[in-house]
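This is work_20.pdb (PDB, C-alpha atoms).
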ATOM      1  CA  MET A   1      30.168   2.576   6.953
ATOM      2  CA  ALA A   2      27.787   4.047   4.381
ATOM      3  CA  LYS A   3      24.484   5.375   5.635
ATOM      4  CA  ILE A   4      21.543   4.638   3.344
ATOM      5  CA  ALA A   5      18.222   6.482   3.668
ATOM      6  CA  ILE A   6      14.874   4.958   2.680
ATOM      7  CA  VAL A   7      12.066   6.995   1.143
ATOM      8  CA  THR A   8       8.543   5.881   0.259
ATOM      9  CA  ASP A   9       5.150   7.482  -0.289
ATOM     10  CA  THR A  10       2.007   7.549   1.836
ATOM     11  CA  SER A  11       0.148   5.034  -0.318
ATOM     12  CA  SER A  12       2.169   2.599   1.835
ATOM     13  CA  ASP A  13      -0.208   3.481   4.706
ATOM     14  CA  LEU A  14       2.661   3.694   7.146
ATOM     15  CA  LEU A  15       1.663   6.070   9.910
ATOM     16  CA  PRO A  16       4.062   9.001  10.380
ATOM     17  CA  ALA A  17       5.141   7.651  13.781
ATOM     18  CA  GLN A  18       5.776   4.197  12.307
ATOM     19  CA  ALA A  19       7.829   5.660   9.472
ATOM     20  CA  GLU A  20       9.864   7.793  11.859
ATOM     21  CA  GLU A  21      10.578   4.820  14.118
ATOM     22  CA  ALA A  22      11.719   2.774  11.113
ATOM     23  CA  GLY A  23      13.853   5.623   9.763
ATOM     24  CA  ILE A  24      11.745   6.053   6.609
ATOM     25  CA  ARG A  25      10.923   9.388   4.998
ATOM     26  CA  LEU A  26       7.346   9.701   3.720
ATOM     27  CA  VAL A  27       6.315  11.733   0.679
ATOM     28  CA  PRO A  28       2.552  12.335   0.746
ATOM     29  CA  LEU A  29       0.062  11.861  -2.032
ATOM     30  CA  THR A  30      -2.962  14.145  -1.741
ATOM     31  CA  VAL A  31      -6.664  13.449  -1.395
ATOM     32  CA  SER A  32      -9.342  15.999  -2.271
ATOM     33  CA  PHE A  33     -12.974  16.270  -1.255
ATOM     34  CA  GLY A  34     -14.408  18.938  -3.521
ATOM     35  CA  ASP A  35     -12.352  22.096  -2.947
ATOM     36  CA  GLU A  36     -10.568  20.734   0.124
ATOM     37  CA  THR A  37      -7.205  19.024  -0.406
ATOM     38  CA  PHE A  38      -5.152  17.204   2.221
ATOM     39  CA  ASP A  39      -1.851  15.356   2.404
ATOM     40  CA  ALA A  40      -2.979  11.734   2.630
ATOM     41  CA  GLY A  41      -1.827   9.965   5.765
ATOM     42  CA  THR A  42       0.006  12.923   7.275
ATOM     43  CA  GLU A  43      -2.413  15.862   7.242
ATOM     44  CA  LEU A  44      -5.624  13.800   7.085
ATOM     45  CA  SER A  45      -5.684  10.691   9.259
ATOM     46  CA  ASN A  46      -7.084   7.422   7.955
ATOM     47  CA  GLU A  47      -9.947   7.564  10.463
ATOM     48  CA  ALA A  48     -10.856  11.120   9.432
ATOM     49  CA  PHE A  49     -10.775  10.082   5.783
ATOM     50  CA  TYR A  50     -13.433   7.386   6.284
ATOM     51  CA  GLU A  51     -15.616   9.769   8.266
ATOM     52  CA  ARG A  52     -15.577  12.120   5.293
ATOM     53  CA  LEU A  53     -15.959   9.318   2.748
ATOM     54  CA  THR A  54     -19.152   7.989   4.353
ATOM     55  CA  ALA A  55     -20.687  11.329   5.349
ATOM     56  CA  PRO A  56     -24.114  11.934   3.735
ATOM     57  CA  GLY A  57     -23.767  13.990   0.563
ATOM     58  CA  ALA A  58     -19.970  13.996   0.671
ATOM     59  CA  PRO A  59     -18.236  14.562  -2.687
ATOM     60  CA  PHE A  60     -16.366  11.536  -4.000
ATOM     61  CA  PRO A  61     -12.646  11.953  -3.217
ATOM     62  CA  LYS A  62      -9.857  12.200  -5.733
ATOM     63  CA  THR A  63      -6.222  11.330  -5.134
ATOM     64  CA  ALA A  64      -3.143  12.830  -6.783
ATOM     65  CA  ALA A  65       0.548  11.992  -6.948
ATOM     66  CA  PRO A  66       3.217  14.166  -5.295
ATOM     67  CA  ASN A  67       5.132  16.483  -7.575
ATOM     68  CA  PRO A  68       8.849  15.906  -8.285
ATOM     69  CA  ALA A  69       9.826  18.753  -5.956
ATOM     70  CA  ALA A  70       8.360  16.862  -2.994
ATOM     71  CA  PHE A  71      10.636  13.917  -3.678
ATOM     72  CA  GLU A  72      13.645  16.141  -4.342
ATOM     73  CA  SER A  73      13.050  17.764  -0.954
ATOM     74  CA  ALA A  74      12.872  14.375   0.809
ATOM     75  CA  TYR A  75      16.105  13.226  -0.843
ATOM     76  CA  ARG A  76      17.870  16.475   0.034
ATOM     77  CA  GLU A  77      16.750  16.208   3.667
ATOM     78  CA  ALA A  78      18.221  12.711   3.774
ATOM     79  CA  PHE A  79      21.571  13.864   2.430
ATOM     80  CA  ASP A  80      21.592  16.880   4.745
ATOM     81  CA  ALA A  81      21.044  14.479   7.648
ATOM     82  CA  GLY A  82      24.180  12.549   6.687
ATOM     83  CA  ALA A  83      23.011   9.907   4.211
ATOM     84  CA  ASP A  84      25.506   8.697   1.634
ATOM     85  CA  GLY A  85      22.802   7.324  -0.642
ATOM     86  CA  VAL A  86      19.008   7.118  -0.961
ATOM     87  CA  VAL A  87      16.775   4.236  -1.982
ATOM     88  CA  CYS A  88      13.188   5.189  -2.799
ATOM     89  CA  VAL A  89      10.389   2.683  -3.396
ATOM     90  CA  THR A  90       6.949   3.850  -4.549
ATOM     91  CA  ILE A  91       3.445   2.737  -5.374
ATOM     92  CA  SER A  92       3.105   0.863  -8.665
ATOM     93  CA  GLU A  93       3.601   2.989 -11.755
ATOM     94  CA  ARG A  94       0.433   1.402 -13.181
ATOM     95  CA  LEU A  95      -1.623   2.758 -10.280
ATOM     96  CA  SER A  96      -0.209   6.269  -9.893
ATOM     97  CA  ALA A  97       2.097   8.876 -11.423
ATOM     98  CA  THR A  98       4.065   8.874  -8.149
ATOM     99  CA  TYR A  99       6.938   6.749  -9.478
ATOM    100  CA  GLY A 100       7.503   9.191 -12.343
ATOM    101  CA  SER A 101       7.690  12.096  -9.887
ATOM    102  CA  ALA A 102      10.179  10.188  -7.732
ATOM    103  CA  VAL A 103      12.379   9.566 -10.771
ATOM    104  CA  GLN A 104      12.216  13.215 -11.829
ATOM    105  CA  GLY A 105      13.103  14.359  -8.310
ATOM    106  CA  ALA A 106      16.194  12.149  -8.354
ATOM    107  CA  LYS A 107      17.603  13.953 -11.398
ATOM    108  CA  ALA A 108      18.677  16.850  -9.162
ATOM    109  CA  PHE A 109      21.409  14.621  -7.667
ATOM    110  CA  ASP A 110      24.521  12.875  -8.925
ATOM    111  CA  ASP A 111      23.885   9.680 -10.878
ATOM    112  CA  GLY A 112      23.599   6.624  -8.675
ATOM    113  CA  THR A 113      23.211   8.479  -5.396
ATOM    114  CA  VAL A 114      19.402   8.136  -5.499
ATOM    115  CA  GLU A 115      17.873   4.897  -6.759
ATOM    116  CA  VAL A 116      14.104   4.741  -7.345
ATOM    117  CA  PHE A 117      12.117   1.513  -7.562
ATOM    118  CA  ASP A 118       8.584   0.781  -8.698
ATOM    119  CA  SER A 119       7.269  -1.592  -6.015
ATOM    120  CA  MET A 120       4.638  -2.951  -8.446
ATOM    121  CA  THR A 121       2.189  -2.870  -5.531
ATOM    122  CA  THR A 122       0.632  -0.528  -2.964
ATOM    123  CA  THR A 123      -0.677  -0.132   0.591
ATOM    124  CA  PHE A 124       0.839  -2.484   3.172
ATOM    125  CA  SER A 125       2.663  -4.600   0.597
ATOM    126  CA  LEU A 126       4.655  -1.448  -0.120
ATOM    127  CA  ALA A 127       5.013  -0.841   3.629
ATOM    128  CA  LEU A 128       6.467  -4.323   4.164
ATOM    129  CA  MET A 129       8.957  -3.686   1.363
ATOM    130  CA  ALA A 130       9.988  -0.275   2.693
ATOM    131  CA  THR A 131      10.356  -1.416   6.301
ATOM    132  CA  GLY A 132      12.387  -4.429   5.212
ATOM    133  CA  ALA A 133      14.704  -2.110   3.285
ATOM    134  CA  ALA A 134      14.956   0.188   6.307
ATOM    135  CA  GLU A 135      15.894  -2.740   8.553
ATOM    136  CA  MET A 136      18.693  -3.623   6.136
ATOM    137  CA  ALA A 137      19.900  -0.027   5.981
ATOM    138  CA  ALA A 138      19.910   0.209   9.780
ATOM    139  CA  SER A 139      22.007  -2.949   9.982
ATOM    140  CA  GLY A 140      24.685  -1.375   7.776
ATOM    141  CA  ALA A 141      23.765  -2.750   4.345
ATOM    142  CA  THR A 142      25.177  -0.949   1.337
ATOM    143  CA  GLN A 143      23.023   0.833  -1.218
ATOM    144  CA  ALA A 144      23.613  -2.011  -3.665
ATOM    145  CA  GLU A 145      22.502  -4.558  -1.078
ATOM    146  CA  VAL A 146      19.326  -2.636  -0.248
ATOM    147  CA  ALA A 147      18.565  -2.250  -3.955
ATOM    148  CA  ALA A 148      19.083  -5.984  -4.501
ATOM    149  CA  TYR A 149      16.702  -6.709  -1.617
ATOM    150  CA  ILE A 150      13.946  -4.618  -3.192
ATOM    151  CA  ARG A 151      14.418  -6.277  -6.589
ATOM    152  CA  ASP A 152      14.060  -9.649  -4.906
ATOM    153  CA  VAL A 153      11.249  -8.956  -2.458
ATOM    154  CA  ARG A 154       8.954  -7.240  -4.921
ATOM    155  CA  LEU A 155       8.788 -10.560  -6.790
ATOM    156  CA  ARG A 156       7.695 -12.235  -3.553
ATOM    157  CA  SER A 157       5.163  -9.620  -2.506
ATOM    158  CA  GLY A 158       1.424  -9.746  -3.016
ATOM    159  CA  ILE A 159      -1.986  -8.719  -1.780
ATOM    160  CA  PHE A 160      -5.411 -10.337  -2.011
ATOM    161  CA  PHE A 161      -8.493  -8.486  -0.811
ATOM    162  CA  VAL A 162     -12.287  -8.645  -0.773
ATOM    163  CA  VAL A 163     -14.508  -5.598  -1.177
ATOM    164  CA  ASP A 164     -17.917  -5.245   0.460
ATOM    165  CA  THR A 165     -19.345  -3.241  -2.418
ATOM    166  CA  LEU A 166     -18.373  -2.529  -6.012
ATOM    167  CA  GLU A 167     -19.672   1.040  -5.743
ATOM    168  CA  TYR A 168     -16.313   2.641  -4.993
ATOM    169  CA  LEU A 169     -14.452   0.741  -7.702
ATOM    170  CA  GLN A 170     -17.056   1.945 -10.162
ATOM    171  CA  LYS A 171     -16.912   5.565  -8.976
ATOM    172  CA  GLY A 172     -13.132   5.493  -9.110
ATOM    173  CA  GLY A 173     -13.191   4.251 -12.694
ATOM    174  CA  ARG A 174     -11.784   0.791 -11.952
ATOM    175  CA  ILE A 175     -14.866  -1.056 -13.292
ATOM    176  CA  GLY A 176     -17.864  -0.065 -15.418
ATOM    177  CA  ARG A 177     -21.269   0.860 -14.007
ATOM    178  CA  ALA A 178     -22.956  -2.167 -15.569
ATOM    179  CA  SER A 179     -20.497  -4.542 -13.920
ATOM    180  CA  ALA A 180     -20.982  -2.836 -10.561
ATOM    181  CA  LEU A 181     -24.775  -3.055 -10.768
ATOM    182  CA  LEU A 182     -24.697  -6.686 -11.871
ATOM    183  CA  GLY A 183     -22.296  -7.657  -9.118
ATOM    184  CA  THR A 184     -24.424  -5.945  -6.497
ATOM    185  CA  ALA A 185     -27.632  -7.536  -7.753
ATOM    186  CA  LEU A 186     -26.103 -11.017  -7.675
ATOM    187  CA  SER A 187     -24.367 -10.417  -4.313
ATOM    188  CA  ILE A 188     -21.037 -11.295  -5.925
ATOM    189  CA  LYS A 189     -17.995 -10.749  -3.743
ATOM    190  CA  PRO A 190     -14.932 -10.315  -5.957
ATOM    191  CA  ILE A 191     -11.545 -11.352  -4.620
ATOM    192  CA  LEU A 192      -9.049  -8.910  -6.062
ATOM    193  CA  ARG A 193      -5.285  -8.780  -6.197
ATOM    194  CA  VAL A 194      -2.489  -6.487  -7.307
ATOM    195  CA  GLU A 195      -0.677  -8.404 -10.032
ATOM    196  CA  ASP A 196       2.114  -7.034 -12.229
ATOM    197  CA  GLY A 197       1.431  -3.650 -10.722
ATOM    198  CA  ALA A 198      -2.289  -3.475 -11.542
ATOM    199  CA  VAL A 199      -5.546  -4.492  -9.863
ATOM    200  CA  SER A 200      -7.068  -7.665 -11.271
ATOM    201  CA  THR A 201      -9.715 -10.206 -10.285
ATOM    202  CA  ALA A 202      -8.365 -13.351  -8.639
ATOM    203  CA  ASP A 203     -11.753 -15.037  -8.157
ATOM    204  CA  ARG A 204     -15.431 -14.439  -7.426
ATOM    205  CA  ARG A 205     -17.780 -15.968  -4.857
ATOM    206  CA  ARG A 206     -21.520 -15.632  -4.384
ATOM    207  CA  THR A 207     -21.461 -15.210  -0.595
ATOM    208  CA  ALA A 208     -19.294 -13.337   1.888
ATOM    209  CA  ALA A 209     -18.419 -16.570   3.721
ATOM    210  CA  LYS A 210     -17.248 -18.278   0.539
ATOM    211  CA  ALA A 211     -15.219 -15.230  -0.468
ATOM    212  CA  ARG A 212     -13.492 -15.203   2.907
ATOM    213  CA  ALA A 213     -12.652 -18.902   2.704
ATOM    214  CA  ARG A 214     -11.297 -18.499  -0.825
ATOM    215  CA  LEU A 215      -9.177 -15.518   0.221
ATOM    216  CA  LEU A 216      -7.492 -17.626   2.884
ATOM    217  CA  ASP A 217      -6.882 -20.380   0.324
ATOM    218  CA  LEU A 218      -5.202 -17.934  -2.056
ATOM    219  CA  VAL A 219      -3.055 -16.324   0.636
ATOM    220  CA  THR A 220      -1.715 -19.664   1.851
ATOM    221  CA  GLU A 221      -0.777 -21.143  -1.523
ATOM    222  CA  ARG A 222       2.875 -20.438  -0.655
ATOM    223  CA  PRO A 223       4.606 -20.166   2.753
ATOM    224  CA  LEU A 224       4.715 -16.616   4.072
ATOM    225  CA  GLU A 225       7.625 -14.749   5.607
ATOM    226  CA  ARG A 226       5.504 -11.935   6.977
ATOM    227  CA  ALA A 227       2.068 -10.454   6.365
ATOM    228  CA  THR A 228      -0.271  -7.602   7.248
ATOM    229  CA  LEU A 229      -4.025  -7.958   7.652
ATOM    230  CA  VAL A 230      -5.315  -4.938   5.732
ATOM    231  CA  HIS A 231      -8.780  -3.481   6.231
ATOM    232  CA  THR A 232     -10.963  -0.443   5.948
ATOM    233  CA  THR A 233     -13.740   0.404   8.434
ATOM    234  CA  GLY A 234     -16.602  -1.930   9.328
ATOM    235  CA  VAL A 235     -14.663  -5.210   9.544
ATOM    236  CA  ASP A 236     -14.726  -7.760  12.402
ATOM    237  CA  LEU A 237     -10.986  -7.750  12.975
ATOM    238  CA  ASP A 238     -10.720 -10.105  15.965
ATOM    239  CA  THR A 239     -12.268 -13.082  14.195
ATOM    240  CA  LEU A 240     -10.530 -12.291  10.929
ATOM    241  CA  ARG A 241      -7.092 -11.978  12.513
ATOM    242  CA  ASP A 242      -7.564 -15.347  14.241
ATOM    243  CA  ASP A 243      -8.568 -16.928  10.924
ATOM    244  CA  VAL A 244      -5.579 -15.444   9.083
ATOM    245  CA  ALA A 245      -3.152 -16.419  11.849
ATOM    246  CA  THR A 246      -4.465 -19.987  11.847
ATOM    247  CA  ALA A 247      -4.369 -20.265   8.047
ATOM    248  CA  THR A 248      -0.885 -18.799   7.606
ATOM    249  CA  GLY A 249       0.749 -20.145  10.756
ATOM    250  CA  LEU A 250       2.321 -16.720  11.414
ATOM    251  CA  ASP A 251       2.839 -15.505  14.960
ATOM    252  CA  THR A 252       1.899 -12.004  16.081
ATOM    253  CA  ASP A 253       5.434 -10.711  15.413
ATOM    254  CA  HIS A 254       5.061 -11.547  11.731
ATOM    255  CA  LEU A 255       1.341 -10.776  11.296
ATOM    256  CA  THR A 256       0.393  -7.156  11.834
ATOM    257  CA  VAL A 257      -2.879  -5.287  11.281
ATOM    258  CA  GLY A 258      -3.218  -2.041   9.340
ATOM    259  CA  LEU A 259      -6.010   0.372   8.434
ATOM    260  CA  THR A 260      -5.826   1.165   4.727
ATOM    261  CA  GLY A 261      -5.629   4.888   4.042
ATOM    262  CA  PRO A 262      -7.061   7.364   1.535
ATOM    263  CA  VAL A 263      -5.128   6.290  -1.572
ATOM    264  CA  ALA A 264      -6.495   2.743  -1.706
ATOM    265  CA  GLY A 265      -9.537   3.509   0.451
ATOM    266  CA  THR A 266     -10.935   5.841  -2.196
ATOM    267  CA  HIS A 267     -11.321   2.880  -4.549
ATOM    268  CA  VAL A 268     -12.300   0.059  -2.192
ATOM    269  CA  GLY A 269     -14.548   1.831   0.334
ATOM    270  CA  PRO A 270     -15.645   0.576   3.766
ATOM    271  CA  GLY A 271     -15.851  -3.136   4.539
ATOM    272  CA  MET A 272     -12.732  -4.181   2.615
ATOM    273  CA  TYR A 273     -10.353  -6.712   4.095
ATOM    274  CA  GLY A 274      -7.385  -8.641   2.781
ATOM    275  CA  VAL A 275      -3.823  -9.745   3.330
ATOM    276  CA  SER A 276      -0.587  -8.118   2.142
ATOM    277  CA  PHE A 277       2.309 -10.518   2.290
ATOM    278  CA  ILE A 278       5.840 -11.510   1.434
ATOM    279  CA  THR A 279       6.418 -15.162   0.632
ATOM    280  CA  THR A 280       9.488 -17.064   1.771
ATOM    281  CA  ALA A 281      10.513 -17.835  -1.810
TER     282      ALA A 281
END
Please, can you express the file's structure as structure tokens?
Amino acid sequence: MAKIAIVTDTSSDLLPAQAEEAGIRLVPLTVSFGDETFDAGTELSNEAFYERLTAPGAPFPKTAAPNPAAFESAYREAFDAGADGVVCVTISERLSATYGSAVQGAKAFDDGTVEVFDSMTTTFSLALMATGAAEMAASGATQAEVAAYIRDVRLRSGIFFVVDTLEYLQKGGRIGRASALLGTALSIKPILRVEDGAVSTADRRRTAAKARARLLDLVTERPLERATLVHTTGVDLDTLRDDVATATGLDTDHLTVGLTGPVAGTHVGPGMYGVSFITTA
């Protein structure tokens, strides 16, 4: 029986222990605060990232994709450990240069032995995709079957989220300064999504309560197979998880909670919450 290894990057926000338990190899992006650079999610924890992000006078962080050698090393480790093939799924190509590095790293191996997929998403939507692929691989699925799963599930994956402030999107170059100032002045809470691999606006509401209600409406437009409640710091998780569970009808085995890490956290800042999901069809 062929043994297929799964590789993803740390924009997935899988913790190292979670990835190890699932049999997934993580390739880290980096996050820099001034002259200090860390491997996101492995060298710098998510909690430590937010402490730095919100510290008075802290420089605004910058994130960077792994180089091709990092992916080549992860693939080689998989083969050395007995894998017959590797399937790698990365953050959206429209959000990061990571996919390109993963493709370049695969060129060191025979054609077809390493397949690389653009997930067209990020954070826990990517994590759901990678863990689903790992479950298939662990059950004995072939490389072709795992690849077919990713092609299918990325069309059924999504994420909607609400940000507390537009400041971080503006600093990260996702929106202009005028739009950020106007949104803040009018107390507008944008509901954002990752669509076709890029961040876009799904809706806008004038109050936090209305934004939250609209988010739940959007998330439940189609039946869900599984979902993750995503958040940064400063969110009332107990009430929110109850609301999401009630709206989606998912039990605790299919609705998890995850703290978003440095890659997405750099752009959304504290107080963000949302739902990553896979629909049933």
- Item | Top pick for closest residue to Glu77 of chain A, considering A:Leu155, A:Leu53, A:Ala148, A:Ala5 and counting all atoms listed in the file |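 Smallest distance to Glu77 of chain A is found for A:Ala5.
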Which residues fall under the PyMOL selection byres ((chain A and resi 266-273) around 7) in this file, as a JSON list (two decimals) with C-alpha atoms, keeping the file's coordinate frame?
[["chain", "number", "residue", "atom", "x", "y", "z"],
["A", 61, "PRO", "CA", -12.65, 11.95, -3.22],
["A", 161, "PHE", "CA", -8.49, -8.49, -0.81],
["A", 162, "VAL", "CA", -12.29, -8.64, -0.77],
["A", 163, "VAL", "CA", -14.51, -5.60, -1.18],
["A", 164, "ASP", "CA", -17.92, -5.24, 0.46],
["A", 168, "TYR", "CA", -16.31, 2.64, -4.99],
["A", 169, "LEU", "CA", -14.45, 0.74, -7.70],
["A", 172, "GLY", "CA", -13.13, 5.49, -9.11],
["A", 230, "VAL", "CA", -5.32, -4.94, 5.73],
["A", 231, "HIS", "CA", -8.78, -3.48, 6.23],
["A", 232, "THR", "CA", -10.96, -0.44, 5.95],
["A", 233, "THR", "CA", -13.74, 0.40, 8.43],
["A", 234, "GLY", "CA", -16.60, -1.93, 9.33],
["A", 235, "VAL", "CA", -14.66, -5.21, 9.54],
["A", 262, "PRO", "CA", -7.06, 7.36, 1.54],
["A", 263, "VAL", "CA", -5.13, 6.29, -1.57],
["A", 264, "ALA", "CA", -6.50, 2.74, -1.71],
["A", 265, "GLY", "CA", -9.54, 3.51, 0.45],
["A", 274, "GLY", "CA", -7.38, -8.64, 2.78]]
Give me the residues within 10 Å of segment 240-246 of chain A as a compact mmCIF listing (two decimals) with C-alpha atoms, in the frame of the given file, counting only C-alpha atoms and dropping any in the same chain fewer than 5 places off.
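Saved result, selection_37.txt, follows:
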# COMPACT_ATOMS: atom_id res chain seq x y z
CA ARG A 212 -13.49 -15.20 2.91
CA ALA A 213 -12.65 -18.90 2.70
CA LEU A 215 -9.18 -15.52 0.22
CA LEU A 216 -7.49 -17.63 2.88
CA VAL A 219 -3.06 -16.32 0.64
CA THR A 220 -1.72 -19.66 1.85
CA ALA A 227 2.07 -10.45 6.36
CA THR A 228 -0.27 -7.60 7.25
CA LEU A 229 -4.03 -7.96 7.65
CA VAL A 230 -5.32 -4.94 5.73
CA VAL A 235 -14.66 -5.21 9.54
CA ASP A 251 2.84 -15.50 14.96
CA THR A 252 1.90 -12.00 16.08
CA HIS A 254 5.06 -11.55 11.73
CA LEU A 255 1.34 -10.78 11.30
CA THR A 256 0.39 -7.16 11.83
CA VAL A 257 -2.88 -5.29 11.28
CA TYR A 273 -10.35 -6.71 4.10
CA GLY A 274 -7.38 -8.64 2.78
CA VAL A 275 -3.82 -9.74 3.33
- Query: Got a sec: who's within 6 Å of segment 191-198 of chain A, counting all atoms listed in the file, leaving out chain neighbours fewer than 3 positions off, as a PyMOL selection string?
  - Reply: chain A and resi 92+94+120-121+159-162+201-204
- Task: Rounded to one decimal place, report the atom CA of Glu135 of chain A-atom CA of Gly41 of chain A distance in Å.
- Result: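 Computing it gives 22.0 Å between the two atoms.
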- What does the distance between atom CA of Ser32 of chain A and atom CA of Lys62 of chain A come to in Å, to one decimal place? 5.2 Å
- Task: Let me know the residues the PyMOL selection byres ((chain A and resi 139-141) around 8) catches in the file above, as a count of residues only.
- Result: 12
- Message: With distances taken over all atoms listed in the file, which residue among A:Cys88, A:Ala22, A:Val27, A:Ala281 lies nearest Gly132 of chain A?
- Response: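 The shortest atom-to-atom distance to Gly132 of chain A comes from A:Ala22.
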- Item | Separation of atom CA of Arg151 of chain A from atom CA of Leu15 of chain A in Å |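 Between atom CA of Leu15 of chain A and atom CA of Arg151 of chain A the gap works out to 24.2 Å.
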- Distance query Phe33 of chain A at most 8 Å, all atoms listed in the file, self and fewer than 2 positions along chain excluded, as a list in words: Val31, Asp35, Glu36, Thr37, Ala58, Pro59, Phe60, Pro61 and Lys62 of chain A
Residues within 10 Å of Pro16 of chain A, please, as a short mmCIF file (atom, residue, chain, number, x, y, z; two decimals) with C-alpha atoms, in the coordinates of the input. Count only C-alpha atoms; anything in the same chain fewer than 5 positions from it doesn't count.
data_model
loop_
_atom_site.label_atom_id
_atom_site.label_comp_id
_atom_site.auth_asym_id
_atom_site.auth_seq_id
_atom_site.Cartn_x
_atom_site.Cartn_y
_atom_site.Cartn_z
CA THR A 10 2.01 7.55 1.84
CA GLU A 21 10.58 4.82 14.12
CA ALA A 22 11.72 2.77 11.11
CA ILE A 24 11.74 6.05 6.61
CA ARG A 25 10.92 9.39 5.00
CA LEU A 26 7.35 9.70 3.72
CA GLY A 41 -1.83 9.96 5.76
CA THR A 42 0.01 12.92 7.28
CA GLU A 43 -2.41 15.86 7.24
CA SER A 45 -5.68 10.69 9.26
#
- Message: I need the residue nearest Phe79 of chain A from this list: A:Val7, A:Ala133, A:Leu166, A:Val103. Use all atoms listed in the file for the distance.
- Response: A:Val7
- Message: For the PyMOL selection byres ((chain A and resi 65) around 9), applied here, can you spell out every residue it catches as a list in words?
- Response: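 This file, filtered by the PyMOL selection byres ((chain A and resi 65) around 9), leaves Pro28, Leu29, Thr30, Thr63, Ala64, Pro66, Asn67, Ser96, Ala97, Thr98, Tyr99 and Ser101 of chain A.
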- Message: From the options A:Ala130, A:Phe277, A:Glu47, A:Ala17, which residue's atoms come nearest to Glu221 of chain A, counting all atoms listed in the file?
- Response: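 When distances to Glu221 of chain A are compared using all atoms listed in the file, the smallest one comes from A:Phe277.
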- Item | Residue with smallest distance to Leu95 of chain A - pool A:Ser11, A:Thr260, A:Ser157, A:Thr248, counting all atoms listed in the file |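 Of the candidates, the smallest distance to Leu95 of chain A is held by A:Ser11.
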